[in-house]
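Source file: target27.cif. Holds: mmCIF, C-alpha atoms.
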data_protein
loop_
_atom_site.label_atom_id
_atom_site.label_comp_id
_atom_site.auth_asym_id
_atom_site.auth_seq_id
_atom_site.Cartn_x
_atom_site.Cartn_y
_atom_site.Cartn_z
CA MET A 182 221.57 187.47 144.95
CA SER A 183 221.86 183.88 143.72
CA SER A 184 225.37 182.46 143.64
CA LEU A 185 224.39 179.93 140.99
CA GLN A 186 226.75 179.60 138.06
CA ALA A 187 226.36 178.25 134.54
CA ARG A 188 228.98 177.01 132.11
CA ILE A 189 228.60 179.14 128.99
CA SER A 190 230.32 178.51 125.68
CA ASN A 191 229.81 181.97 124.21
CA ILE A 192 227.85 185.18 124.72
CA LEU A 193 226.53 187.36 121.92
CA THR A 194 225.70 190.83 123.16
CA TRP A 195 223.57 191.45 120.06
CA SER A 196 221.65 189.10 117.77
CA CYS A 197 218.63 189.54 115.51
CA VAL A 198 218.12 185.83 114.66
CA ASP A 199 217.42 184.33 118.10
CA GLY A 200 214.00 185.79 118.74
CA PRO A 201 212.32 189.16 118.19
CA GLY A 202 214.32 192.37 118.21
CA ASN A 203 217.89 192.75 119.38
CA ARG A 204 218.82 190.02 121.84
CA MET A 205 221.65 188.98 124.07
CA VAL A 206 222.25 185.26 123.55
CA LEU A 207 223.88 182.87 125.99
CA PHE A 208 225.12 179.67 124.36
CA MET A 209 225.07 177.24 127.26
CA GLN A 210 227.61 174.42 127.27
CA GLY A 211 226.38 170.83 127.11
CA CYS A 212 223.62 169.02 125.22
CA ASN A 213 221.65 165.81 125.67
CA TYR A 214 221.35 165.34 121.89
CA ALA A 215 224.12 164.44 119.46
CA CYS A 216 222.67 165.93 116.29
CA ALA A 217 224.59 165.15 113.12
CA ALA A 218 223.39 168.48 111.70
CA CYS A 219 224.47 170.58 114.71
CA HIS A 220 226.00 173.92 113.72
CA ASN A 221 227.51 174.35 117.20
CA PRO A 222 228.94 170.85 117.79
CA TYR A 223 231.54 172.15 120.25
CA THR A 224 228.69 172.99 122.66
CA ILE A 225 227.63 169.34 122.99
CA GLY A 226 230.22 167.89 125.36
CA GLN A 227 231.59 168.87 128.76
CA CYS A 228 235.35 169.21 129.10
CA ASP A 229 236.88 166.12 130.75
CA HIS A 230 240.29 167.81 131.11
CA CYS A 231 242.11 165.31 128.91
CA GLY A 232 244.44 168.08 127.71
CA ASP A 233 244.31 167.18 124.00
CA CYS A 234 243.41 170.78 123.20
CA ILE A 235 246.50 172.30 124.80
CA PRO A 236 249.08 171.51 122.05
CA ALA A 237 246.70 173.03 119.48
CA CYS A 238 246.65 176.38 121.32
CA GLU A 239 249.59 178.30 119.85
CA PRO A 240 249.05 181.47 121.95
CA GLY A 241 249.19 179.39 125.13
CA ALA A 242 245.76 180.41 126.39
CA LEU A 243 245.14 176.84 127.54
CA SER A 244 247.15 175.05 130.19
CA LEU A 245 246.82 172.09 132.54
CA VAL A 246 246.84 173.07 136.21
CA ASP A 247 246.38 170.40 138.88
CA GLY A 248 244.86 168.10 136.28
CA LYS A 249 242.34 170.69 135.05
CA VAL A 250 242.35 172.59 131.76
CA GLN A 251 242.60 176.31 132.48
CA PHE A 252 241.68 179.03 129.97
CA ASP A 253 243.16 182.54 129.91
CA PRO A 254 240.86 184.71 127.76
CA GLY A 255 243.34 187.60 127.94
CA ILE A 256 245.76 185.93 125.54
CA CYS A 257 243.29 183.97 123.40
CA THR A 258 243.34 184.94 119.70
CA HIS A 259 240.05 183.14 118.94
CA CYS A 260 241.67 180.88 116.36
CA ASP A 261 239.38 178.05 117.61
CA ALA A 262 242.03 175.39 116.91
CA CYS A 263 241.23 173.89 120.31
CA LEU A 264 237.67 173.18 119.20
CA ASP A 265 238.90 171.06 116.31
CA ALA A 266 241.33 169.23 118.60
CA CYS A 267 238.75 168.26 121.22
CA PRO A 268 237.79 164.56 120.84
CA ILE A 269 234.42 164.91 122.64
CA SER A 270 232.91 168.04 121.05
CA ALA A 271 233.51 170.21 124.09
CA ASN A 272 234.68 173.80 124.32
CA PRO A 273 237.70 174.26 126.60
CA MET A 274 237.10 178.03 126.41
CA ALA A 275 233.67 177.74 128.07
CA GLN A 276 233.57 179.73 131.29
CA LEU A 277 231.50 179.88 134.44
CA TYR A 278 229.24 182.91 134.85
CA SER A 279 227.14 183.75 137.86
CA VAL A 280 223.63 185.18 137.73
CA GLU A 281 225.06 188.52 138.82
CA ASP A 282 227.63 188.40 136.00
CA ILE A 283 224.84 188.15 133.44
CA LEU A 284 222.71 190.79 135.14
CA LYS A 285 225.70 193.14 135.01
CA LEU A 286 226.09 192.52 131.28
CA LEU A 287 222.38 193.08 130.71
CA ARG A 288 222.48 196.38 132.56
CA GLU A 289 225.42 197.46 130.42
CA TYR A 290 223.65 196.71 127.14
CA GLN A 291 219.97 196.97 128.10
CA SER A 292 219.43 200.25 126.23
CA PHE A 293 220.07 198.39 122.97
CA LEU A 294 218.28 195.13 123.78
CA SER A 295 214.79 193.71 123.41
CA GLY A 296 215.60 190.72 125.59
CA ILE A 297 217.73 187.68 126.23
CA THR A 298 217.67 184.20 124.68
CA LEU A 299 219.24 181.16 126.32
CA SER A 300 220.45 178.74 123.69
CA GLY A 301 223.17 176.11 123.43
CA GLY A 302 223.90 173.32 123.49
CA GLU A 303 220.72 172.66 125.44
CA ALA A 304 220.05 175.45 127.89
CA THR A 305 217.57 173.53 130.04
CA LEU A 306 220.33 171.17 131.22
CA GLN A 307 221.29 174.08 133.49
CA LEU A 308 217.72 174.75 134.58
CA PRO A 309 218.41 176.05 138.13
CA PHE A 310 220.56 178.83 136.66
CA ILE A 311 217.85 179.79 134.15
CA LEU A 312 215.22 179.93 136.87
CA ALA A 313 217.40 182.13 139.07
CA LEU A 314 218.40 184.44 136.21
CA PHE A 315 214.88 184.89 134.85
CA ALA A 316 213.46 185.50 138.33
CA ALA A 317 216.16 188.09 139.02
CA MET A 318 215.42 189.86 135.72
CA ARG A 319 211.69 189.88 136.43
CA ASP A 320 212.27 191.44 139.84
CA ASP A 321 214.80 194.05 138.67
CA PRO A 322 213.12 197.36 137.69
CA GLU A 323 215.98 198.08 135.27
CA LEU A 324 215.65 194.77 133.43
CA ALA A 325 212.02 193.71 133.82
CA HIS A 326 211.11 195.09 130.39
CA LEU A 327 213.49 192.67 128.64
CA THR A 328 211.82 189.53 127.30
CA ARG A 329 213.17 186.17 128.43
CA LEU A 330 213.26 183.36 125.84
CA VAL A 331 214.63 179.82 125.76
CA ASP A 332 215.74 177.93 122.64
CA SER A 333 215.28 174.23 123.42
CA ASN A 334 215.19 170.77 121.87
CA GLY A 335 212.23 170.04 124.13
CA HIS A 336 213.78 167.13 126.03
CA LEU A 337 212.99 168.80 129.37
CA GLY A 338 210.39 166.88 131.37
CA ALA A 339 207.00 168.20 132.40
CA ALA A 340 208.11 169.03 135.95
CA GLY A 341 210.90 171.21 134.60
CA TRP A 342 208.54 173.07 132.29
CA GLN A 343 206.15 173.71 135.16
CA MET A 344 208.94 175.61 136.91
CA LEU A 345 210.23 177.39 133.81
CA LEU A 346 207.07 178.46 132.01
CA PRO A 347 205.94 181.04 134.60
CA LEU A 348 209.33 182.76 134.27
CA THR A 349 209.82 182.74 130.50
CA ASP A 350 208.08 184.86 127.89
CA GLY A 351 208.41 182.18 125.24
CA VAL A 352 210.10 179.07 123.93
CA LEU A 353 211.75 178.48 120.57
CA LEU A 354 211.26 174.72 120.33
CA ASP A 355 213.08 172.57 117.79
CA ILE A 356 211.51 169.45 116.34
CA LYS A 357 214.31 167.56 114.59
CA ALA A 358 212.09 164.95 112.90
CA PHE A 359 208.64 163.42 113.32
CA ASP A 360 209.37 159.83 112.31
CA PRO A 361 210.72 158.19 115.49
CA LYS A 362 213.40 156.15 113.73
CA LEU A 363 214.60 159.16 111.74
CA HIS A 364 214.71 161.32 114.87
CA LEU A 365 216.76 158.66 116.67
CA ALA A 366 219.17 158.43 113.73
CA LEU A 367 219.62 162.21 113.55
CA THR A 368 219.89 162.97 117.27
CA GLY A 369 220.53 159.77 119.21
CA ARG A 370 217.30 160.33 121.17
CA SER A 371 213.60 159.59 120.96
CA ASN A 372 211.31 162.46 119.97
CA ASP A 373 208.61 161.57 122.52
CA ARG A 374 209.65 164.28 124.96
CA SER A 375 210.07 166.95 122.29
CA LEU A 376 206.57 166.40 120.96
CA ALA A 377 205.12 166.30 124.49
CA SER A 378 206.97 169.52 125.34
CA ALA A 379 205.61 171.28 122.27
CA ARG A 380 202.09 170.37 123.33
CA LEU A 381 202.65 171.49 126.92
CA VAL A 382 204.36 174.76 126.02
CA HIS A 383 201.71 175.62 123.41
CA ALA A 384 198.89 174.88 125.87
CA ALA A 385 200.54 177.33 128.26
CA GLY A 386 200.57 180.02 125.56
CA LYS A 387 204.37 180.14 125.55
CA LEU A 388 205.26 178.51 122.20
CA HIS A 389 206.92 181.47 120.52
CA GLU A 390 208.10 179.38 117.58
CA LEU A 391 208.11 175.75 116.45
CA ARG A 392 211.34 175.26 114.53
CA PHE A 393 211.90 172.58 111.91
CA LEU A 394 215.20 171.96 110.11
CA MET A 395 214.78 170.73 106.54
CA VAL A 396 217.61 168.39 105.53
CA PRO A 397 217.58 167.20 101.90
CA GLY A 398 216.81 163.52 101.61
CA LYS A 399 215.96 163.26 105.31
CA THR A 400 213.48 165.71 106.84
CA ASP A 401 212.26 167.34 103.62
CA SER A 402 210.15 164.34 102.57
CA ALA A 403 206.44 164.63 101.87
CA ALA A 404 205.78 162.36 104.86
CA GLU A 405 207.74 164.58 107.27
CA ILE A 406 206.07 167.76 106.03
CA ALA A 407 202.65 166.08 106.30
CA HIS A 408 203.50 165.16 109.91
CA LEU A 409 204.48 168.78 110.56
CA VAL A 410 201.14 170.01 109.23
CA ALA A 411 199.17 167.43 111.20
CA PHE A 412 201.08 168.16 114.39
CA ALA A 413 200.57 171.93 114.10
CA GLN A 414 196.87 171.40 113.41
CA SER A 415 196.58 169.08 116.42
CA LEU A 416 197.89 171.82 118.70
CA GLY A 417 195.06 174.12 117.66
CA GLY A 418 195.12 177.89 117.41
CA THR A 419 198.08 179.83 116.07
CA VAL A 420 201.35 177.92 115.83
CA PRO A 421 204.23 180.07 114.51
CA ILE A 422 206.52 177.83 112.45
CA ARG A 423 210.09 178.58 111.48
CA LEU A 424 211.54 176.56 108.58
CA ASN A 425 215.32 176.43 108.53
CA GLY A 426 217.35 174.97 105.70
CA PHE A 427 220.34 172.74 106.37
CA ARG A 428 223.75 174.30 105.76
CA THR A 429 227.15 172.70 106.14
CA HIS A 430 228.62 175.64 108.07
CA GLY A 431 230.05 174.39 111.35
CA VAL A 432 228.92 170.77 111.03
CA ARG A 433 231.21 167.78 111.46
CA GLY A 434 231.40 164.17 110.37
CA GLU A 435 229.02 162.72 107.80
CA ALA A 436 226.92 165.90 107.67
CA THR A 437 229.76 167.73 105.91
CA GLU A 438 228.87 165.65 102.84
CA TRP A 439 225.14 166.30 102.97
CA PRO A 440 223.62 168.61 100.33
CA MET A 441 222.37 172.02 101.42
CA MET A 442 218.66 172.83 101.28
CA PRO A 443 217.81 175.08 98.32
CA ARG A 444 216.03 178.30 99.22
CA ALA A 445 213.38 177.60 96.58
CA ASP A 446 212.42 174.36 98.32
CA LEU A 447 212.08 176.16 101.65
CA GLU A 448 209.82 178.76 100.04
CA ALA A 449 207.71 176.09 98.34
CA THR A 450 207.25 174.24 101.63
CA ALA A 451 206.34 177.48 103.40
CA ASP A 452 203.70 178.17 100.75
CA MET A 453 202.29 174.66 101.15
CA LEU A 454 202.11 175.02 104.94
CA THR A 455 200.30 178.34 104.60
CA ARG A 456 197.81 176.83 102.15
CA SER A 457 197.23 174.03 104.69
CA GLY A 458 196.12 176.64 107.21
CA VAL A 459 199.03 176.41 109.64
CA GLY A 460 201.46 179.11 110.61
CA PRO A 461 202.35 181.90 110.31
CA VAL A 462 205.45 180.49 108.64
CA SER A 463 208.79 182.28 108.61
CA LEU A 464 212.09 181.62 106.85
CA PRO A 465 215.64 182.73 107.66
CA ALA A 466 216.68 186.00 106.08
CA LEU A 467 218.63 185.81 102.86
#

Could you render the structure from this file as structure tokens?
Amino acid sequence: MSSLQARISNILTWSCVDGPGNRMVLFMQGCNYACAACHNPYTIGQCDHCGDCIPACEPGALSLVDGKVQFDPGICTHCDACLDACPISANPMAQLYSVEDILKLLREYQSFLSGITLSGGEATLQLPFILALFAAMRDDPELAHLTRLVDSNGHLGAAGWQMLLPLTDGVLLDIKAFDPKLHLALTGRSNDRSLASARLVHAAGKLHELRFLMVPGKTDSAAEIAHLVAFAQSLGGTVPIRLNGFRTHGVRGEATEWPMMPRADLEATADMLTRSGVGPVSLPAL
């Protein structure tokens, strides 16, 4: 069994919004984007053991041992004050899990699950762990029926996808913006790799969903939606599209002042996409 470990911010043993059916979700720690609209900003950074979080932890679940922040989950009350105290958007409560740790959890809950989704942060930053976990699931008679999905910003290079695609059942791929300057402003990165990844994953038949976040005054413009239509059409065939509306829940900084996307505007855009012949288009549940 692989001894590989991954740093994981949180594990949901049941979710119905991270792919089809009931799914276990691993929120991997660390991201190569710095999205202003991120709803999980504490998954972006990696703890540098500065210790700023320790005074904020009233139960004393965090301590500094030999210059390293240590977390004791047994006395944590999940107040999340440490997340607000962290100056680099890291999660001092993130823990290391081995492949066998996750397989054990999957065996415990597999009767209630349709599959697993690796999210984040950006899951593909810990690619060797994903490869080992997915291969172990595929080869385990108890777990082989569970589908294996990855939620990604698409920044993984082509060589990485060539290793991952044979082991995954599908990719939920986020396109943050189509205009290069807008994408850079929203994420701190170019969108070249994300667009290339969408093409590669779709050509492999593994694009489970192309996700697009509509932010009022930014990505909801006629130009951005026209780019979305043109891009989906350029891929050819069926391209499932998921439209998400911006919400302020969990965000930090300037995004806390941004307006939320009205449901009616999401529905109108979905109708327009359908009339344009792309889709199927889905929206988040009310």

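Distance annotation: of A:His230, A:Leu345, A:Gly202, A:Cys260, the residue with the minimal separation from Phe293 (chain A) is A:Gly202; atom set is only C-alpha atoms.
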
Considering only C-alpha atoms, state which residue in the set A:Glu405, A:Asp373, A:Asp320, A:Asp199 is at the smallest distance from Asp360 (chain A). A:Glu405

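Of the listed residues (A:Trp342, A:Tyr278, A:Phe412, A:Phe208), A:Tyr278 comes nearest to Leu185 (chain A); the distances count all atoms listed in the file.
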
Excluding Ser196 (chain A) and any residue of its chain fewer than 3 positions from it, enumerate the residues within 7 Å of it, using only C-alpha atoms, and give them as a PDB file with C-alpha atoms, in the frame of the given file.
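Written file, out20.pdb:
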ATOM      1  CA  LEU A 193     226.530 187.360 121.920  1.00  0.00           C
ATOM      2  CA  ASP A 199     217.420 184.330 118.100  1.00  0.00           C
ATOM      3  CA  ASN A 203     217.890 192.750 119.380  1.00  0.00           C
ATOM      4  CA  ARG A 204     218.820 190.020 121.840  1.00  0.00           C
ATOM      5  CA  MET A 205     221.650 188.980 124.070  1.00  0.00           C
ATOM      6  CA  VAL A 206     222.250 185.260 123.550  1.00  0.00           C
TER       7      VAL A 206
END

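Going from CA of Leu243 (chain A) to CA of Ser279 (chain A) covers 21.9 Å.
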
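Candidate residues A:Cys212, A:Ile235, A:Leu284, A:Val410 were compared for distance to Gly302 (chain A), and the nearest is A:Cys212, using all atoms listed in the file.
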
Suppose a student applies the PyMOL selection byres ((chain A and resi 219-224) around 7) to this structure; what residues should they get, written as a ChimeraX atom specification? /A:190,210-212,216-218,225-226,264,270-272,301-302,430-432

Atoms kept (C-alpha atoms) for selection, written as a short mmCIF file (atom, residue, chain, number, x, y, z; two decimals), in the coordinates of the input:
data_model
loop_
_atom_site.label_atom_id
_atom_site.label_comp_id
_atom_site.auth_asym_id
_atom_site.auth_seq_id
_atom_site.Cartn_x
_atom_site.Cartn_y
_atom_site.Cartn_z
CA SER A 190 230.32 178.51 125.68
CA GLN A 210 227.61 174.42 127.27
CA GLY A 211 226.38 170.83 127.11
CA CYS A 212 223.62 169.02 125.22
CA CYS A 216 222.67 165.93 116.29
CA ALA A 217 224.59 165.15 113.12
CA ALA A 218 223.39 168.48 111.70
CA ILE A 225 227.63 169.34 122.99
CA GLY A 226 230.22 167.89 125.36
CA LEU A 264 237.67 173.18 119.20
CA SER A 270 232.91 168.04 121.05
CA ALA A 271 233.51 170.21 124.09
CA ASN A 272 234.68 173.80 124.32
CA GLY A 301 223.17 176.11 123.43
CA GLY A 302 223.90 173.32 123.49
CA HIS A 430 228.62 175.64 108.07
CA GLY A 431 230.05 174.39 111.35
CA VAL A 432 228.92 170.77 111.03
#

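With CA of Ala266 (chain A) on one side and CA of Asp229 (chain A) on the other, the separation reads 13.3 Å.
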
Applied to the shown file, which residues does the PyMOL selection byres ((chain A and resi 383) around 12) return, written as a PDB file with C-alpha atoms, keeping the file's coordinate frame?
ATOM      1  CA  GLY A 335     212.230 170.040 124.130  1.00  0.00           C
ATOM      2  CA  TRP A 342     208.540 173.070 132.290  1.00  0.00           C
ATOM      3  CA  LEU A 346     207.070 178.460 132.010  1.00  0.00           C
ATOM      4  CA  GLY A 351     208.410 182.180 125.240  1.00  0.00           C
ATOM      5  CA  VAL A 352     210.100 179.070 123.930  1.00  0.00           C
ATOM      6  CA  LEU A 353     211.750 178.480 120.570  1.00  0.00           C
ATOM      7  CA  LEU A 354     211.260 174.720 120.330  1.00  0.00           C
ATOM      8  CA  LEU A 376     206.570 166.400 120.960  1.00  0.00           C
ATOM      9  CA  ALA A 377     205.120 166.300 124.490  1.00  0.00           C
ATOM     10  CA  SER A 378     206.970 169.520 125.340  1.00  0.00           C
ATOM     11  CA  ALA A 379     205.610 171.280 122.270  1.00  0.00           C
ATOM     12  CA  ARG A 380     202.090 170.370 123.330  1.00  0.00           C
ATOM     13  CA  LEU A 381     202.650 171.490 126.920  1.00  0.00           C
ATOM     14  CA  VAL A 382     204.360 174.760 126.020  1.00  0.00           C
ATOM     15  CA  ALA A 384     198.890 174.880 125.870  1.00  0.00           C
ATOM     16  CA  ALA A 385     200.540 177.330 128.260  1.00  0.00           C
ATOM     17  CA  GLY A 386     200.570 180.020 125.560  1.00  0.00           C
ATOM     18  CA  LYS A 387     204.370 180.140 125.550  1.00  0.00           C
ATOM     19  CA  LEU A 388     205.260 178.510 122.200  1.00  0.00           C
ATOM     20  CA  HIS A 389     206.920 181.470 120.520  1.00  0.00           C
ATOM     21  CA  GLU A 390     208.100 179.380 117.580  1.00  0.00           C
ATOM     22  CA  LEU A 391     208.110 175.750 116.450  1.00  0.00           C
ATOM     23  CA  PHE A 412     201.080 168.160 114.390  1.00  0.00           C
ATOM     24  CA  ALA A 413     200.570 171.930 114.100  1.00  0.00           C
ATOM     25  CA  GLN A 414     196.870 171.400 113.410  1.00  0.00           C
ATOM     26  CA  SER A 415     196.580 169.080 116.420  1.00  0.00           C
ATOM     27  CA  LEU A 416     197.890 171.820 118.700  1.00  0.00           C
ATOM     28  CA  GLY A 417     195.060 174.120 117.660  1.00  0.00           C
ATOM     29  CA  GLY A 418     195.120 177.890 117.410  1.00  0.00           C
ATOM     30  CA  THR A 419     198.080 179.830 116.070  1.00  0.00           C
ATOM     31  CA  VAL A 420     201.350 177.920 115.830  1.00  0.00           C
ATOM     32  CA  PRO A 421     204.230 180.070 114.510  1.00  0.00           C
TER      33      PRO A 421
END

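Atom pair CA of Pro347 (chain A) / CA of Leu327 (chain A) has a distance of 15.1 Å (rounded to one decimal).
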
Write out as a list in words which residues come within 10 Å of Gln251 (chain A) when counting all atoms listed in the file, dropping same-chain ones fewer than 3 positions away. His230, Gly232, Ile235, Ala242, Leu243, Ser244, Leu245, Val246, Asp247, Gly248, Pro254, Pro273, Met274 and Gln276 of chain A

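Restricting the calculation to only C-alpha atoms, the smallest distance between Ala313 (chain A) and any of A:Thr400, A:Thr194, A:Ser300, A:Ser184 is found for A:Ser184.
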
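Closest approach to Met209 (chain A) among A:Leu308, A:Leu365, A:Val459, A:Leu294: A:Leu308, based on all atoms listed in the file.
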
Identify all residues satisfying the PyMOL selection byres ((chain A and resi 395) around 8) in the given file; provide them as a VMD selection string. chain A and resid 393 to 394 396 to 397 399 to 401 424 to 427 442 447

Selection: 8 Å around Leu348 (chain A), only C-alpha atoms, excl. self and same-chain fewer than 5 positions, as a ChimeraX atom specification: /A:312,315-316,319,329

Which residues are near Pro361 (chain A)? Cut-off 10 Å, all atoms listed in the file, ignore same chain within fewer than 6 positions. Put them as a ChimeraX atom specification. /A:367,370-373

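Using all atoms listed in the file, the set of residues no farther than 9 Å from the position (202.8, 178.9, 107.2) comprises Val420, Pro421, Ile422, Arg423, Thr450, Ala451, Asp452, Met453, Leu454, Thr455, Arg456, Ser457, Gly458, Val459, Gly460, Pro461, Val462 and Ser463 of chain A.
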
Please determine the residues with any atom at most 12 Å from (222.5, 195.6, 132.2) (coordinates as given in the file, with all atoms listed in the file counting) and report them as an mmCIF file with C-alpha atoms, in the coordinates of the input.
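Result file follows (out.cif):
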data_model
loop_
_atom_site.group_PDB
_atom_site.id
_atom_site.type_symbol
_atom_site.label_atom_id
_atom_site.label_comp_id
_atom_site.auth_asym_id
_atom_site.auth_seq_id
_atom_site.Cartn_x
_atom_site.Cartn_y
_atom_site.Cartn_z
ATOM 1 C CA THR A 194 225.700 190.830 123.160
ATOM 2 C CA MET A 205 221.650 188.980 124.070
ATOM 3 C CA VAL A 280 223.630 185.180 137.730
ATOM 4 C CA GLU A 281 225.060 188.520 138.820
ATOM 5 C CA ASP A 282 227.630 188.400 136.000
ATOM 6 C CA ILE A 283 224.840 188.150 133.440
ATOM 7 C CA LEU A 284 222.710 190.790 135.140
ATOM 8 C CA LYS A 285 225.700 193.140 135.010
ATOM 9 C CA LEU A 286 226.090 192.520 131.280
ATOM 10 C CA LEU A 287 222.380 193.080 130.710
ATOM 11 C CA ARG A 288 222.480 196.380 132.560
ATOM 12 C CA GLU A 289 225.420 197.460 130.420
ATOM 13 C CA TYR A 290 223.650 196.710 127.140
ATOM 14 C CA GLN A 291 219.970 196.970 128.100
ATOM 15 C CA SER A 292 219.430 200.250 126.230
ATOM 16 C CA PHE A 293 220.070 198.390 122.970
ATOM 17 C CA LEU A 294 218.280 195.130 123.780
ATOM 18 C CA SER A 295 214.790 193.710 123.410
ATOM 19 C CA GLY A 296 215.600 190.720 125.590
ATOM 20 C CA ILE A 297 217.730 187.680 126.230
ATOM 21 C CA ALA A 317 216.160 188.090 139.020
ATOM 22 C CA MET A 318 215.420 189.860 135.720
ATOM 23 C CA ASP A 321 214.800 194.050 138.670
ATOM 24 C CA PRO A 322 213.120 197.360 137.690
ATOM 25 C CA GLU A 323 215.980 198.080 135.270
ATOM 26 C CA LEU A 324 215.650 194.770 133.430
ATOM 27 C CA ALA A 325 212.020 193.710 133.820
ATOM 28 C CA HIS A 326 211.110 195.090 130.390
ATOM 29 C CA LEU A 327 213.490 192.670 128.640
#
